[in-house]
Amino acid sequence: MRTLFAVVAAAALAGGAWYVASHFEIEGLERLRFTPREANTTGNVTALRAPSRNDETLRIASFNIQVFGESKVNDPKVMGYLAEIVRQFDVVAIQEVRARNQDVVARLVDVVNATGRQYDFVLGPRLGRTHSQEQYAFLYDSATLEVDRSELYVVNDPDDLLHREPFVAWFRVRGPAPELAFTFTLVNVHVDPDLVDHEIDVLADVFTSVRNDGRGEDDVILLGDVNANDHRFGRLGDLPGMAWAISGLPTNTRGDAQYDNLFFDQRATDEFTGLTGAFDFLREFNLSLDDALRVSDHLPVWAEFSIYEGGRPGRVAALPTP
């Protein structure tokens, strides 16, 4: 198979509004679901509702908002639910931004920040082979994370192996001293549902090329809508050390299929705490199925990590064994 090489490409970027006030988080351990340990999985504790956490962890999430454009932005109820979902996490990789205007993500961030939060965003270019192109975005809490905007890029795909090339961003946790803070690369992906087996195999090359892109970052997390369950990860799942966050858990709103996940090399990313989940906003917000589907046909999926490089203060993770 021809390989992919990660190179820097121009991306349209913007900033969100800032506010300062108090905030709240949903707490509790309701509806915990435990999944069995399986080969190449994280052996995780998976929750439908995000449990409370301490100040030494952060939550990384992925959410396909399903045709996120003018109709959803102009629906106050949908925007309210989307904003509350985003507030549960420190950074959210968004798929399926589809709008003629470039302001839909900024408008969502404004709603998120209306309670006093300090979220910002980065937005990738329009991607896709057809006229119905999509953009990737990262929404992140700027009080807990910083992004290096000079390091944003789209994975180069000269042989057109992917319908939508992944969008890559590098983050560092705020709070700990820079040399102790967890740094990581996020690779935002959306697999074509008609080309699942082929594109998931190509994502193995994407993961490897991003990890070897010259920046020396060992903590690479590929996340998004892969349109496949944990029995269909092909060459991506077979990469040495590869783990995925979601196993045996539906990630769609109807609760009958698994599409979304987070992938990382468990040999390198020992900052992972073992806690993951799919945020079931239908039950969390007591919505009817029809109202929930107005928000999205996907649930956000997430995983928890230590804010310290290497998983605890003073310990720096070693590079993975070749």
# chains A, B, ... in the order shown; residues from 1 in each chain; ligands from 1
call {"tool": "residues_around", "arguments": {"residues": "stretch 232-248 of chain A", "least_positions_apart": "3", "cutoff": "7 Å", "atoms": "only C-alpha atoms", "output": "ChimeraX atom specification"}}
result
/A:35,40-42,197,200-201,203-204,228-229,261-267,276-277,303
call {"tool": "write_last_selection", "arguments": {"atoms": "N, CA, C and O atoms", "output": "tab-separated table (two decimals), in the first residue's frame"}}
result
chain	number	residue	atom	x	y	z
A	35	THR	N	-16.76	-3.01	31.03
A	35	THR	CA	-16.50	-3.81	29.85
A	35	THR	C	-15.37	-4.79	30.13
A	35	THR	O	-14.48	-4.50	30.92
A	40	ASN	N	-5.70	-5.97	22.89
A	40	ASN	CA	-5.53	-4.70	22.22
A	40	ASN	C	-6.53	-3.63	22.66
A	40	ASN	O	-6.58	-2.57	22.06
A	41	THR	N	-7.34	-3.87	23.66
A	41	THR	CA	-8.21	-2.83	24.18
A	41	THR	C	-7.59	-2.29	25.45
A	41	THR	O	-6.61	-2.80	25.96
A	42	THR	N	-8.20	-1.22	25.98
A	42	THR	CA	-7.62	-0.59	27.16
A	42	THR	C	-7.96	-1.30	28.45
A	42	THR	O	-7.43	-0.96	29.51
A	197	ASP	N	-13.26	-0.41	5.50
A	197	ASP	CA	-12.11	-1.31	5.63
A	197	ASP	C	-10.86	-0.71	5.00
A	197	ASP	O	-9.76	-0.78	5.57
A	200	ILE	N	-9.71	2.55	7.18
A	200	ILE	CA	-9.14	2.22	8.49
A	200	ILE	C	-7.73	1.66	8.33
A	200	ILE	O	-6.84	1.96	9.13
A	201	ASP	N	-7.51	0.87	7.29
A	201	ASP	CA	-6.15	0.39	7.03
A	201	ASP	C	-5.21	1.57	6.74
A	201	ASP	O	-4.07	1.60	7.22
A	203	LEU	N	-5.49	4.53	7.87
A	203	LEU	CA	-5.27	5.27	9.12
A	203	LEU	C	-4.10	4.71	9.93
A	203	LEU	O	-3.52	5.43	10.75
A	204	ALA	N	-3.76	3.46	9.71
A	204	ALA	CA	-2.55	2.92	10.34
A	204	ALA	C	-1.32	3.69	9.85
A	204	ALA	O	-0.43	4.03	10.64
A	228	ALA	N	-16.96	2.11	12.51
A	228	ALA	CA	-16.67	0.69	12.71
A	228	ALA	C	-16.65	0.38	14.20
A	228	ALA	O	-16.32	1.24	15.02
A	229	ASN	N	-16.99	-0.86	14.53
A	229	ASN	CA	-16.90	-1.29	15.92
A	229	ASN	C	-15.52	-1.87	16.20
A	229	ASN	O	-14.66	-1.94	15.31
A	261	ASN	N	-14.41	6.40	18.29
A	261	ASN	CA	-13.43	5.85	19.21
A	261	ASN	C	-12.22	6.77	19.31
A	261	ASN	O	-12.10	7.76	18.58
A	262	LEU	N	-11.34	6.43	20.26
A	262	LEU	CA	-10.05	7.08	20.44
A	262	LEU	C	-8.99	5.99	20.44
A	262	LEU	O	-9.15	4.96	21.11
A	263	PHE	N	-7.89	6.22	19.71
A	263	PHE	CA	-6.82	5.24	19.57
A	263	PHE	C	-5.50	5.86	20.02
A	263	PHE	O	-5.21	7.02	19.70
A	264	PHE	N	-4.67	5.08	20.71
A	264	PHE	CA	-3.36	5.55	21.12
A	264	PHE	C	-2.46	4.35	21.42
A	264	PHE	O	-2.94	3.24	21.65
A	265	ASP	N	-1.16	4.60	21.40
A	265	ASP	CA	-0.18	3.57	21.71
A	265	ASP	C	-0.05	3.49	23.23
A	265	ASP	O	0.49	4.38	23.86
A	266	GLN	N	-0.54	2.40	23.82
A	266	GLN	CA	-0.56	2.30	25.28
A	266	GLN	C	0.83	2.17	25.88
A	266	GLN	O	1.02	2.40	27.07
A	267	ARG	N	1.84	1.84	25.07
A	267	ARG	CA	3.21	1.77	25.56
A	267	ARG	C	3.75	3.17	25.84
A	267	ARG	O	4.59	3.36	26.73
A	276	THR	N	-13.07	5.72	30.54
A	276	THR	CA	-13.58	6.17	29.24
A	276	THR	C	-15.10	6.10	29.26
A	276	THR	O	-15.71	5.56	30.18
A	277	GLY	N	-15.71	6.60	28.19
A	277	GLY	CA	-17.16	6.47	28.13
A	277	GLY	C	-17.76	7.07	26.88
A	277	GLY	O	-17.09	7.67	26.04
A	303	ALA	N	-12.09	9.89	26.82
A	303	ALA	CA	-11.14	9.15	27.66
A	303	ALA	C	-10.45	10.15	28.57
A	303	ALA	O	-10.32	11.34	28.25
call {"tool": "select_by_dssp", "arguments": {"residues": "stretch 49-269 of chain A", "states": "helix (DSSP H, G or I)", "output": "number ranges by chain"}}
result
A: 70-73, 76-86, 104-115, 149-151, 196-211, 234-238
call {"tool": "residues_around", "arguments": {"residues": "A:Phe89", "least_positions_apart": "4", "cutoff": "8 Å", "atoms": "only C-alpha atoms", "output": "list of chain:residue names"}}
result
A:Leu58, A:Arg59, A:Ile60, A:Ala61, A:Ile85, A:Tyr140, A:Asp141
call {"tool": "write_last_selection", "arguments": {"atoms": "N, CA and C atoms", "output": "mmCIF file, in the first residue's frame"}}
result
data_model
loop_
_atom_site.group_PDB
_atom_site.id
_atom_site.type_symbol
_atom_site.label_atom_id
_atom_site.label_comp_id
_atom_site.auth_asym_id
_atom_site.auth_seq_id
_atom_site.Cartn_x
_atom_site.Cartn_y
_atom_site.Cartn_z
ATOM 1 N N LEU A 58 -7.640 15.259 32.849
ATOM 2 C CA LEU A 58 -8.390 15.981 31.835
ATOM 3 C C LEU A 58 -9.116 14.986 30.960
ATOM 4 N N ARG A 59 -10.169 15.456 30.304
ATOM 5 C CA ARG A 59 -11.009 14.613 29.458
ATOM 6 C C ARG A 59 -10.870 15.046 28.005
ATOM 7 N N ILE A 60 -10.530 14.084 27.158
ATOM 8 C CA ILE A 60 -10.413 14.294 25.719
ATOM 9 C C ILE A 60 -11.575 13.565 25.060
ATOM 10 N N ALA A 61 -12.309 14.252 24.180
ATOM 11 C CA ALA A 61 -13.519 13.679 23.602
ATOM 12 C C ALA A 61 -13.546 13.855 22.089
ATOM 13 N N ILE A 85 -22.885 19.760 26.425
ATOM 14 C CA ILE A 85 -22.056 18.594 26.120
ATOM 15 C C ILE A 85 -20.586 18.998 26.065
ATOM 16 N N TYR A 140 -11.657 23.620 22.759
ATOM 17 C CA TYR A 140 -10.861 23.296 23.939
ATOM 18 C C TYR A 140 -10.997 24.377 24.998
ATOM 19 N N ASP A 141 -10.882 23.959 26.249
ATOM 20 C CA ASP A 141 -10.935 24.867 27.394
ATOM 21 C C ASP A 141 -9.572 25.533 27.526
#
call {"tool": "atom_distance", "arguments": {"atom1": "atom CA of A:Pro250", "atom2": "atom CA of A:Phe207"}}
result
24.1 Å
call {"tool": "closest_residue", "arguments": {"among": "A:Ala99, A:Pro166, A:Pro76, A:Tyr81", "to": "A:Glu284", "atoms": "only C-alpha atoms"}}
result
A:Tyr81
call {"tool": "closest_residue", "arguments": {"among": "A:Leu108, A:Leu145, A:Ala83, A:Val67", "to": "A:Ser132", "atoms": "only C-alpha atoms"}}
result
A:Val67
call {"tool": "atom_distance", "arguments": {"atom1": "atom CA of A:Leu180", "atom2": "atom CA of A:Ala93"}}
result
24.2 Å
call {"tool": "residues_around", "arguments": {"residues": "A:Val78", "least_positions_apart": "3", "cutoff": "7 Å", "atoms": "only C-alpha atoms", "output": "PDB file with N, CA and C atoms, in the first residue's frame"}}
result
ATOM      1  N   LYS A  72     -28.814  23.874  12.836  1.00  0.00           N
ATOM      2  CA  LYS A  72     -28.573  23.608  14.257  1.00  0.00           C
ATOM      3  C   LYS A  72     -28.165  24.875  14.993  1.00  0.00           C
ATOM      4  N   ASP A  75     -31.098  26.879  16.083  1.00  0.00           N
ATOM      5  CA  ASP A  75     -32.040  26.221  16.995  1.00  0.00           C
ATOM      6  C   ASP A  75     -31.514  26.385  18.422  1.00  0.00           C
ATOM      7  N   TYR A  81     -28.011  22.313  24.234  1.00  0.00           N
ATOM      8  CA  TYR A  81     -27.555  20.953  24.536  1.00  0.00           C
ATOM      9  C   TYR A  81     -26.120  20.741  24.070  1.00  0.00           C
ATOM     10  N   LEU A  82     -25.797  21.223  22.880  1.00  0.00           N
ATOM     11  CA  LEU A  82     -24.437  21.079  22.380  1.00  0.00           C
ATOM     12  C   LEU A  82     -23.438  21.780  23.298  1.00  0.00           C
ATOM     13  N   ARG A 294     -32.131  15.463  16.904  1.00  0.00           N
ATOM     14  CA  ARG A 294     -31.935  16.830  16.412  1.00  0.00           C
ATOM     15  C   ARG A 294     -30.566  17.357  16.824  1.00  0.00           C
ATOM     16  N   VAL A 295     -30.037  16.843  17.931  1.00  0.00           N
ATOM     17  CA  VAL A 295     -28.694  17.231  18.372  1.00  0.00           C
ATOM     18  C   VAL A 295     -27.654  16.494  17.534  1.00  0.00           C
TER      19      VAL A 295
END
call {"tool": "closest_residue", "arguments": {"among": "A:Leu186, A:Val104, A:Val202, A:Val147", "to": "A:Gly69", "atoms": "only C-alpha atoms"}}
result
A:Val104
call {"tool": "closest_residue", "arguments": {"among": "A:Ala181, A:Ala292, A:Val92, A:Val210", "to": "A:Glu309", "atoms": "only C-alpha atoms"}}
result
A:Ala181
